[in-house]
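This is my_file22.cif (mmCIF, N, CA and C atoms).
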data_coords
#
loop_
_atom_site.label_atom_id
_atom_site.label_comp_id
_atom_site.auth_asym_id
_atom_site.auth_seq_id
_atom_site.Cartn_x
_atom_site.Cartn_y
_atom_site.Cartn_z
N GLU A 1 45.69 -0.56 -40.76
CA GLU A 1 45.84 0.83 -40.38
C GLU A 1 47.32 1.17 -40.33
N PRO A 2 47.71 2.34 -40.78
CA PRO A 2 49.12 2.71 -40.76
C PRO A 2 49.68 2.66 -39.34
N GLY A 3 50.86 2.09 -39.24
CA GLY A 3 51.50 2.04 -37.93
C GLY A 3 51.08 0.86 -37.07
N ALA A 4 50.16 0.03 -37.55
CA ALA A 4 49.73 -1.12 -36.75
C ALA A 4 50.90 -2.06 -36.55
N GLU A 5 51.13 -2.43 -35.32
CA GLU A 5 52.27 -3.29 -35.01
C GLU A 5 51.95 -4.77 -35.07
N ALA A 6 50.67 -5.12 -35.20
CA ALA A 6 50.30 -6.54 -35.26
C ALA A 6 48.88 -6.68 -35.80
N GLY A 7 48.61 -7.86 -36.31
CA GLY A 7 47.26 -8.24 -36.71
C GLY A 7 46.87 -9.46 -35.91
N GLU A 8 45.62 -9.58 -35.57
CA GLU A 8 45.18 -10.70 -34.75
C GLU A 8 44.12 -11.50 -35.49
N VAL A 9 44.28 -12.81 -35.52
CA VAL A 9 43.29 -13.71 -36.11
C VAL A 9 42.51 -14.34 -34.98
N GLN A 10 41.20 -14.15 -35.00
CA GLN A 10 40.34 -14.76 -33.99
C GLN A 10 39.43 -15.76 -34.68
N ARG A 11 39.41 -16.96 -34.15
CA ARG A 11 38.57 -18.02 -34.70
C ARG A 11 37.80 -18.67 -33.57
N ARG A 12 36.64 -19.17 -33.89
CA ARG A 12 35.81 -19.83 -32.88
C ARG A 12 36.42 -21.13 -32.38
N ASP A 13 37.12 -21.83 -33.26
CA ASP A 13 37.59 -23.17 -32.94
C ASP A 13 39.00 -23.23 -32.36
N ARG A 14 39.65 -22.11 -32.15
CA ARG A 14 41.00 -22.11 -31.56
C ARG A 14 41.31 -20.74 -30.96
N PRO A 15 42.34 -20.69 -30.14
CA PRO A 15 42.70 -19.40 -29.51
C PRO A 15 43.14 -18.37 -30.56
N ALA A 16 42.99 -17.12 -30.19
CA ALA A 16 43.43 -16.03 -31.07
C ALA A 16 44.93 -16.12 -31.28
N ARG A 17 45.37 -15.70 -32.47
CA ARG A 17 46.79 -15.70 -32.77
C ARG A 17 47.18 -14.30 -33.26
N VAL A 18 48.24 -13.77 -32.67
CA VAL A 18 48.73 -12.43 -33.03
C VAL A 18 49.87 -12.58 -34.03
N HIS A 19 49.82 -11.78 -35.09
CA HIS A 19 50.86 -11.77 -36.13
C HIS A 19 51.55 -10.42 -36.09
N PRO A 20 52.78 -10.38 -35.63
CA PRO A 20 53.51 -9.11 -35.61
C PRO A 20 53.71 -8.57 -37.02
N ASN A 21 53.64 -7.28 -37.14
CA ASN A 21 53.93 -6.62 -38.40
C ASN A 21 55.45 -6.51 -38.49
N PRO A 22 56.08 -7.20 -39.45
CA PRO A 22 57.53 -7.23 -39.48
C PRO A 22 58.18 -5.89 -39.85
N ARG A 23 57.40 -5.00 -40.42
CA ARG A 23 57.98 -3.70 -40.80
C ARG A 23 56.92 -2.62 -40.71
N VAL A 24 56.96 -1.87 -39.63
CA VAL A 24 56.04 -0.75 -39.46
C VAL A 24 56.62 0.43 -40.21
N LEU A 25 55.82 1.03 -41.08
CA LEU A 25 56.28 2.16 -41.88
C LEU A 25 56.34 3.42 -41.03
N GLY A 26 57.33 4.24 -41.30
CA GLY A 26 57.41 5.54 -40.66
C GLY A 26 56.51 6.53 -41.40
N PRO A 27 56.13 7.62 -40.77
CA PRO A 27 55.24 8.59 -41.40
C PRO A 27 55.77 9.11 -42.74
N GLU A 28 57.09 9.21 -42.87
CA GLU A 28 57.67 9.71 -44.11
C GLU A 28 57.54 8.72 -45.26
N GLU A 29 57.22 7.46 -44.97
CA GLU A 29 57.08 6.44 -46.00
C GLU A 29 55.64 6.31 -46.51
N ILE A 30 54.71 6.90 -45.79
CA ILE A 30 53.30 6.77 -46.15
C ILE A 30 52.90 7.91 -47.07
N VAL A 31 52.56 7.55 -48.30
CA VAL A 31 52.17 8.53 -49.31
C VAL A 31 50.67 8.78 -49.24
N ASP A 32 49.88 7.71 -49.15
CA ASP A 32 48.42 7.82 -49.15
C ASP A 32 47.85 6.55 -48.53
N ASP A 33 46.96 6.72 -47.55
CA ASP A 33 46.39 5.54 -46.91
C ASP A 33 45.09 5.06 -47.56
N THR A 34 44.63 5.78 -48.58
CA THR A 34 43.40 5.36 -49.26
C THR A 34 43.62 4.01 -49.92
N GLY A 35 42.77 3.06 -49.58
CA GLY A 35 42.84 1.73 -50.17
C GLY A 35 43.68 0.74 -49.40
N ALA A 36 44.42 1.19 -48.39
CA ALA A 36 45.27 0.26 -47.62
C ALA A 36 44.42 -0.74 -46.85
N GLY A 37 43.31 -0.30 -46.32
CA GLY A 37 42.41 -1.22 -45.60
C GLY A 37 41.81 -2.25 -46.55
N ASP A 38 41.47 -1.81 -47.75
CA ASP A 38 40.94 -2.75 -48.75
C ASP A 38 42.00 -3.76 -49.15
N ALA A 39 43.24 -3.31 -49.29
CA ALA A 39 44.33 -4.22 -49.65
C ALA A 39 44.53 -5.25 -48.54
N PHE A 40 44.48 -4.79 -47.28
CA PHE A 40 44.60 -5.71 -46.15
C PHE A 40 43.45 -6.71 -46.17
N ALA A 41 42.24 -6.22 -46.37
CA ALA A 41 41.07 -7.10 -46.40
C ALA A 41 41.16 -8.14 -47.51
N ALA A 42 41.74 -7.78 -48.64
CA ALA A 42 41.89 -8.74 -49.74
C ALA A 42 42.73 -9.94 -49.32
N GLY A 43 43.82 -9.68 -48.62
CA GLY A 43 44.65 -10.79 -48.14
C GLY A 43 43.92 -11.64 -47.12
N VAL A 44 43.23 -10.99 -46.19
CA VAL A 44 42.49 -11.72 -45.16
C VAL A 44 41.38 -12.57 -45.80
N LEU A 45 40.67 -12.00 -46.75
CA LEU A 45 39.60 -12.76 -47.42
C LEU A 45 40.15 -13.95 -48.18
N LEU A 46 41.29 -13.78 -48.84
CA LEU A 46 41.90 -14.91 -49.53
C LEU A 46 42.19 -16.03 -48.54
N GLY A 47 42.67 -15.67 -47.36
CA GLY A 47 42.94 -16.66 -46.33
C GLY A 47 41.69 -17.37 -45.84
N GLN A 48 40.57 -16.67 -45.85
CA GLN A 48 39.31 -17.27 -45.43
C GLN A 48 38.72 -18.18 -46.50
N LEU A 49 38.94 -17.81 -47.75
CA LEU A 49 38.31 -18.54 -48.86
C LEU A 49 39.13 -19.72 -49.37
N ASP A 50 40.44 -19.69 -49.16
CA ASP A 50 41.31 -20.73 -49.69
C ASP A 50 41.96 -21.47 -48.52
N ALA A 51 41.53 -22.70 -48.30
CA ALA A 51 42.05 -23.48 -47.17
C ALA A 51 43.56 -23.69 -47.28
N ALA A 52 44.09 -23.71 -48.48
CA ALA A 52 45.54 -23.89 -48.65
C ALA A 52 46.31 -22.67 -48.14
N VAL A 53 45.68 -21.51 -48.14
CA VAL A 53 46.30 -20.29 -47.63
C VAL A 53 46.08 -20.21 -46.13
N GLY A 54 44.85 -20.27 -45.71
CA GLY A 54 44.51 -20.21 -44.29
C GLY A 54 44.51 -18.79 -43.76
N PRO A 55 43.82 -18.58 -42.65
CA PRO A 55 43.67 -17.23 -42.11
C PRO A 55 44.98 -16.59 -41.66
N GLU A 56 45.89 -17.38 -41.11
CA GLU A 56 47.13 -16.79 -40.63
C GLU A 56 47.95 -16.22 -41.77
N ARG A 57 48.12 -16.99 -42.83
CA ARG A 57 48.88 -16.49 -43.99
C ARG A 57 48.11 -15.37 -44.69
N GLY A 58 46.79 -15.41 -44.64
CA GLY A 58 45.98 -14.33 -45.22
C GLY A 58 46.25 -13.01 -44.53
N VAL A 59 46.40 -13.03 -43.21
CA VAL A 59 46.72 -11.80 -42.47
C VAL A 59 48.10 -11.30 -42.89
N GLU A 60 49.06 -12.21 -43.01
CA GLU A 60 50.40 -11.80 -43.43
C GLU A 60 50.38 -11.18 -44.82
N LEU A 61 49.64 -11.80 -45.75
CA LEU A 61 49.51 -11.23 -47.09
C LEU A 61 48.84 -9.88 -47.02
N GLY A 62 47.78 -9.77 -46.24
CA GLY A 62 47.07 -8.49 -46.11
C GLY A 62 47.98 -7.39 -45.61
N MET A 63 48.83 -7.69 -44.61
CA MET A 63 49.76 -6.68 -44.10
C MET A 63 50.76 -6.27 -45.19
N ASP A 64 51.24 -7.25 -45.95
CA ASP A 64 52.20 -6.94 -47.02
C ASP A 64 51.55 -6.08 -48.10
N LEU A 65 50.31 -6.42 -48.48
CA LEU A 65 49.61 -5.64 -49.51
C LEU A 65 49.32 -4.22 -49.02
N ALA A 66 48.88 -4.10 -47.78
CA ALA A 66 48.58 -2.77 -47.23
C ALA A 66 49.85 -1.93 -47.16
N ARG A 67 50.96 -2.54 -46.73
CA ARG A 67 52.22 -1.81 -46.66
C ARG A 67 52.62 -1.30 -48.04
N ALA A 68 52.46 -2.14 -49.06
CA ALA A 68 52.80 -1.72 -50.43
C ALA A 68 51.87 -0.59 -50.88
N LYS A 69 50.58 -0.69 -50.57
CA LYS A 69 49.61 0.33 -51.00
C LYS A 69 49.89 1.67 -50.34
N LEU A 70 50.37 1.68 -49.13
CA LEU A 70 50.66 2.94 -48.44
C LEU A 70 51.75 3.75 -49.13
N GLY A 71 52.51 3.12 -50.01
CA GLY A 71 53.63 3.78 -50.66
C GLY A 71 53.30 4.55 -51.92
N PHE A 72 52.03 4.58 -52.35
CA PHE A 72 51.70 5.35 -53.55
C PHE A 72 50.31 5.96 -53.42
N ALA A 73 50.08 7.02 -54.21
CA ALA A 73 48.83 7.76 -54.14
C ALA A 73 47.73 7.10 -54.95
N GLY A 74 46.54 7.06 -54.37
CA GLY A 74 45.38 6.52 -55.07
C GLY A 74 45.65 5.17 -55.67
N MET A 75 45.28 5.02 -56.92
CA MET A 75 45.54 3.77 -57.65
C MET A 75 46.54 4.03 -58.76
N SER A 76 47.41 5.03 -58.56
CA SER A 76 48.35 5.46 -59.59
C SER A 76 49.43 4.42 -59.89
N ALA A 77 49.67 3.50 -58.96
CA ALA A 77 50.74 2.51 -59.16
C ALA A 77 50.29 1.14 -58.67
N VAL A 78 49.06 0.78 -58.99
CA VAL A 78 48.50 -0.49 -58.52
C VAL A 78 49.35 -1.69 -58.92
N GLU A 79 50.14 -1.54 -59.98
CA GLU A 79 51.01 -2.64 -60.40
C GLU A 79 52.04 -3.00 -59.32
N ARG A 80 52.24 -2.14 -58.33
CA ARG A 80 53.16 -2.44 -57.24
C ARG A 80 52.63 -3.55 -56.32
N LEU A 81 51.34 -3.85 -56.43
CA LEU A 81 50.76 -4.90 -55.59
C LEU A 81 51.04 -6.29 -56.17
N SER A 82 51.21 -6.39 -57.48
CA SER A 82 51.43 -7.69 -58.11
C SER A 82 52.67 -8.41 -57.60
N PRO A 83 53.82 -7.75 -57.49
CA PRO A 83 55.00 -8.46 -56.97
C PRO A 83 54.81 -8.98 -55.55
N VAL A 84 54.05 -8.25 -54.75
CA VAL A 84 53.78 -8.69 -53.37
C VAL A 84 53.03 -10.01 -53.40
N TYR A 85 52.03 -10.08 -54.26
CA TYR A 85 51.23 -11.31 -54.37
C TYR A 85 52.08 -12.45 -54.96
N ARG A 86 52.89 -12.14 -55.96
CA ARG A 86 53.75 -13.17 -56.55
C ARG A 86 54.73 -13.74 -55.54
N ARG A 87 55.33 -12.87 -54.72
CA ARG A 87 56.25 -13.34 -53.66
C ARG A 87 55.52 -14.24 -52.68
N PHE A 88 54.28 -13.88 -52.38
CA PHE A 88 53.47 -14.69 -51.47
C PHE A 88 53.24 -16.09 -52.04
N LEU A 89 52.93 -16.15 -53.33
CA LEU A 89 52.65 -17.44 -53.96
C LEU A 89 53.89 -18.33 -54.04
N THR A 90 55.04 -17.72 -54.23
CA THR A 90 56.26 -18.51 -54.42
C THR A 90 57.06 -18.69 -53.15
N GLY A 91 56.72 -17.92 -52.11
CA GLY A 91 57.50 -17.96 -50.87
C GLY A 91 57.06 -18.93 -49.92
#

Represent the structure from my file as structure tokens, please.
Amino acid sequence: EPGAEAGEVQRRDRPARVHPNPRVLGPEEIVDDTGAGDAFAAGVLLGQLDAAVGPERGVELGMDLARAKLGFAGMSAVERLSPVYRRFLTG
């Protein structure tokens, strides 16, 4: 969600962990919120499905993808999501 200051990972086998959002966007930076939740969910799901990523890193990826998606209208610049994912893979 735009303006969210943190994401929380809750698991049955360990205590909840809060992940601060390192960069909360200002209202002037948000072009369109359509699809931002889906972008966030994509990162979280990757963390659930790939043990090498894990849920914590999945939340971080989801926040980065959602932040990137908030910067453009609709799916007009979906290519802006690729560098975010590439940085995640190499970082």

(request) I need the residue set behind the PyMOL selection byres (((chain A and resi 23 and name CA) around 10) and name CA) for this file; please write it as a ChimeraX atom specification. (result) /A:3-6,20-22,24-26,63-64,67

(message) as a PyMOL selection string, please: the residues near stretch 31-37 of chain A (cut-off 6 Å, only N, CA and C atoms, same-chain neighbours under 4 positions excluded).
(response) chain A and resi 1+41-42+66+69-74

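Shortest separation to A:Ala39 among A:Leu61, A:Ala16, A:Thr90, A:Glu79 occurs at residue A:Leu61, atoms counted being only C-alpha atoms.
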
(request) Give the helix (DSSP H, G or I) residues of chain A, as assigned by DSSP on the backbone, as an MDAnalysis selection string. (result) chainID A and resid 27:29 36:49 54:69 78:90

Limited to N, CA and C atoms, could you put the picked residues into a file as a short mmCIF file (atom, residue, chain, number, x, y, z; two decimals), in the coordinates of the input?
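Here's the written file again.cif:
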data_model
loop_
_atom_site.label_atom_id
_atom_site.label_comp_id
_atom_site.auth_asym_id
_atom_site.auth_seq_id
_atom_site.Cartn_x
_atom_site.Cartn_y
_atom_site.Cartn_z
N PRO A 27 56.13 7.62 -40.77
CA PRO A 27 55.24 8.59 -41.40
C PRO A 27 55.77 9.11 -42.74
N GLU A 28 57.09 9.21 -42.87
CA GLU A 28 57.67 9.71 -44.11
C GLU A 28 57.54 8.72 -45.26
N GLU A 29 57.22 7.46 -44.97
CA GLU A 29 57.08 6.44 -46.00
C GLU A 29 55.64 6.31 -46.51
N ALA A 36 44.42 1.19 -48.39
CA ALA A 36 45.27 0.26 -47.62
C ALA A 36 44.42 -0.74 -46.85
N GLY A 37 43.31 -0.30 -46.32
CA GLY A 37 42.41 -1.22 -45.60
C GLY A 37 41.81 -2.25 -46.55
N ASP A 38 41.47 -1.81 -47.75
CA ASP A 38 40.94 -2.75 -48.75
C ASP A 38 42.00 -3.76 -49.15
N ALA A 39 43.24 -3.31 -49.29
CA ALA A 39 44.33 -4.22 -49.65
C ALA A 39 44.53 -5.25 -48.54
N PHE A 40 44.48 -4.79 -47.28
CA PHE A 40 44.60 -5.71 -46.15
C PHE A 40 43.45 -6.71 -46.17
N ALA A 41 42.24 -6.22 -46.37
CA ALA A 41 41.07 -7.10 -46.40
C ALA A 41 41.16 -8.14 -47.51
N ALA A 42 41.74 -7.78 -48.64
CA ALA A 42 41.89 -8.74 -49.74
C ALA A 42 42.73 -9.94 -49.32
N GLY A 43 43.82 -9.68 -48.62
CA GLY A 43 44.65 -10.79 -48.14
C GLY A 43 43.92 -11.64 -47.12
N VAL A 44 43.23 -10.99 -46.19
CA VAL A 44 42.49 -11.72 -45.16
C VAL A 44 41.38 -12.57 -45.80
N LEU A 45 40.67 -12.00 -46.75
CA LEU A 45 39.60 -12.76 -47.42
C LEU A 45 40.15 -13.95 -48.18
N LEU A 46 41.29 -13.78 -48.84
CA LEU A 46 41.90 -14.91 -49.53
C LEU A 46 42.19 -16.03 -48.54
N GLY A 47 42.67 -15.67 -47.36
CA GLY A 47 42.94 -16.66 -46.33
C GLY A 47 41.69 -17.37 -45.84
N GLN A 48 40.57 -16.67 -45.85
CA GLN A 48 39.31 -17.27 -45.43
C GLN A 48 38.72 -18.18 -46.50
N LEU A 49 38.94 -17.81 -47.75
CA LEU A 49 38.31 -18.54 -48.86
C LEU A 49 39.13 -19.72 -49.37
N GLY A 54 44.85 -20.27 -45.71
CA GLY A 54 44.51 -20.21 -44.29
C GLY A 54 44.51 -18.79 -43.76
N PRO A 55 43.82 -18.58 -42.65
CA PRO A 55 43.67 -17.23 -42.11
C PRO A 55 44.98 -16.59 -41.66
N GLU A 56 45.89 -17.38 -41.11
CA GLU A 56 47.13 -16.79 -40.63
C GLU A 56 47.95 -16.22 -41.77
N ARG A 57 48.12 -16.99 -42.83
CA ARG A 57 48.88 -16.49 -43.99
C ARG A 57 48.11 -15.37 -44.69
N GLY A 58 46.79 -15.41 -44.64
CA GLY A 58 45.98 -14.33 -45.22
C GLY A 58 46.25 -13.01 -44.53
N VAL A 59 46.40 -13.03 -43.21
CA VAL A 59 46.72 -11.80 -42.47
C VAL A 59 48.10 -11.30 -42.89
N GLU A 60 49.06 -12.21 -43.01
CA GLU A 60 50.40 -11.80 -43.43
C GLU A 60 50.38 -11.18 -44.82
N LEU A 61 49.64 -11.80 -45.75
CA LEU A 61 49.51 -11.23 -47.09
C LEU A 61 48.84 -9.88 -47.02
N GLY A 62 47.78 -9.77 -46.24
CA GLY A 62 47.07 -8.49 -46.11
C GLY A 62 47.98 -7.39 -45.61
N MET A 63 48.83 -7.69 -44.61
CA MET A 63 49.76 -6.68 -44.10
C MET A 63 50.76 -6.27 -45.19
N ASP A 64 51.24 -7.25 -45.95
CA ASP A 64 52.20 -6.94 -47.02
C ASP A 64 51.55 -6.08 -48.10
N LEU A 65 50.31 -6.42 -48.48
CA LEU A 65 49.61 -5.64 -49.51
C LEU A 65 49.32 -4.22 -49.02
N ALA A 66 48.88 -4.10 -47.78
CA ALA A 66 48.58 -2.77 -47.23
C ALA A 66 49.85 -1.93 -47.16
N ARG A 67 50.96 -2.54 -46.73
CA ARG A 67 52.22 -1.81 -46.66
C ARG A 67 52.62 -1.30 -48.04
N ALA A 68 52.46 -2.14 -49.06
CA ALA A 68 52.80 -1.72 -50.43
C ALA A 68 51.87 -0.59 -50.88
N LYS A 69 50.58 -0.69 -50.57
CA LYS A 69 49.61 0.33 -51.00
C LYS A 69 49.89 1.67 -50.34
N VAL A 78 49.06 0.78 -58.99
CA VAL A 78 48.50 -0.49 -58.52
C VAL A 78 49.35 -1.69 -58.92
N GLU A 79 50.14 -1.54 -59.98
CA GLU A 79 51.01 -2.64 -60.40
C GLU A 79 52.04 -3.00 -59.32
N ARG A 80 52.24 -2.14 -58.33
CA ARG A 80 53.16 -2.44 -57.24
C ARG A 80 52.63 -3.55 -56.32
N LEU A 81 51.34 -3.85 -56.43
CA LEU A 81 50.76 -4.90 -55.59
C LEU A 81 51.04 -6.29 -56.17
N SER A 82 51.21 -6.39 -57.48
CA SER A 82 51.43 -7.69 -58.11
C SER A 82 52.67 -8.41 -57.60
N PRO A 83 53.82 -7.75 -57.49
CA PRO A 83 55.00 -8.46 -56.97
C PRO A 83 54.81 -8.98 -55.55
N VAL A 84 54.05 -8.25 -54.75
CA VAL A 84 53.78 -8.69 -53.37
C VAL A 84 53.03 -10.01 -53.40
N TYR A 85 52.03 -10.08 -54.26
CA TYR A 85 51.23 -11.31 -54.37
C TYR A 85 52.08 -12.45 -54.96
N ARG A 86 52.89 -12.14 -55.96
CA ARG A 86 53.75 -13.17 -56.55
C ARG A 86 54.73 -13.74 -55.54
N ARG A 87 55.33 -12.87 -54.72
CA ARG A 87 56.25 -13.34 -53.66
C ARG A 87 55.52 -14.24 -52.68
N PHE A 88 54.28 -13.88 -52.38
CA PHE A 88 53.47 -14.69 -51.47
C PHE A 88 53.24 -16.09 -52.04
N LEU A 89 52.93 -16.15 -53.33
CA LEU A 89 52.65 -17.44 -53.96
C LEU A 89 53.89 -18.33 -54.04
N THR A 90 55.04 -17.72 -54.23
CA THR A 90 56.26 -18.51 -54.42
C THR A 90 57.06 -18.69 -53.15
#

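The gap separating atom C of A:Glu29 from atom C of A:Ser76 is 14.9 Å, in Å to one decimal.
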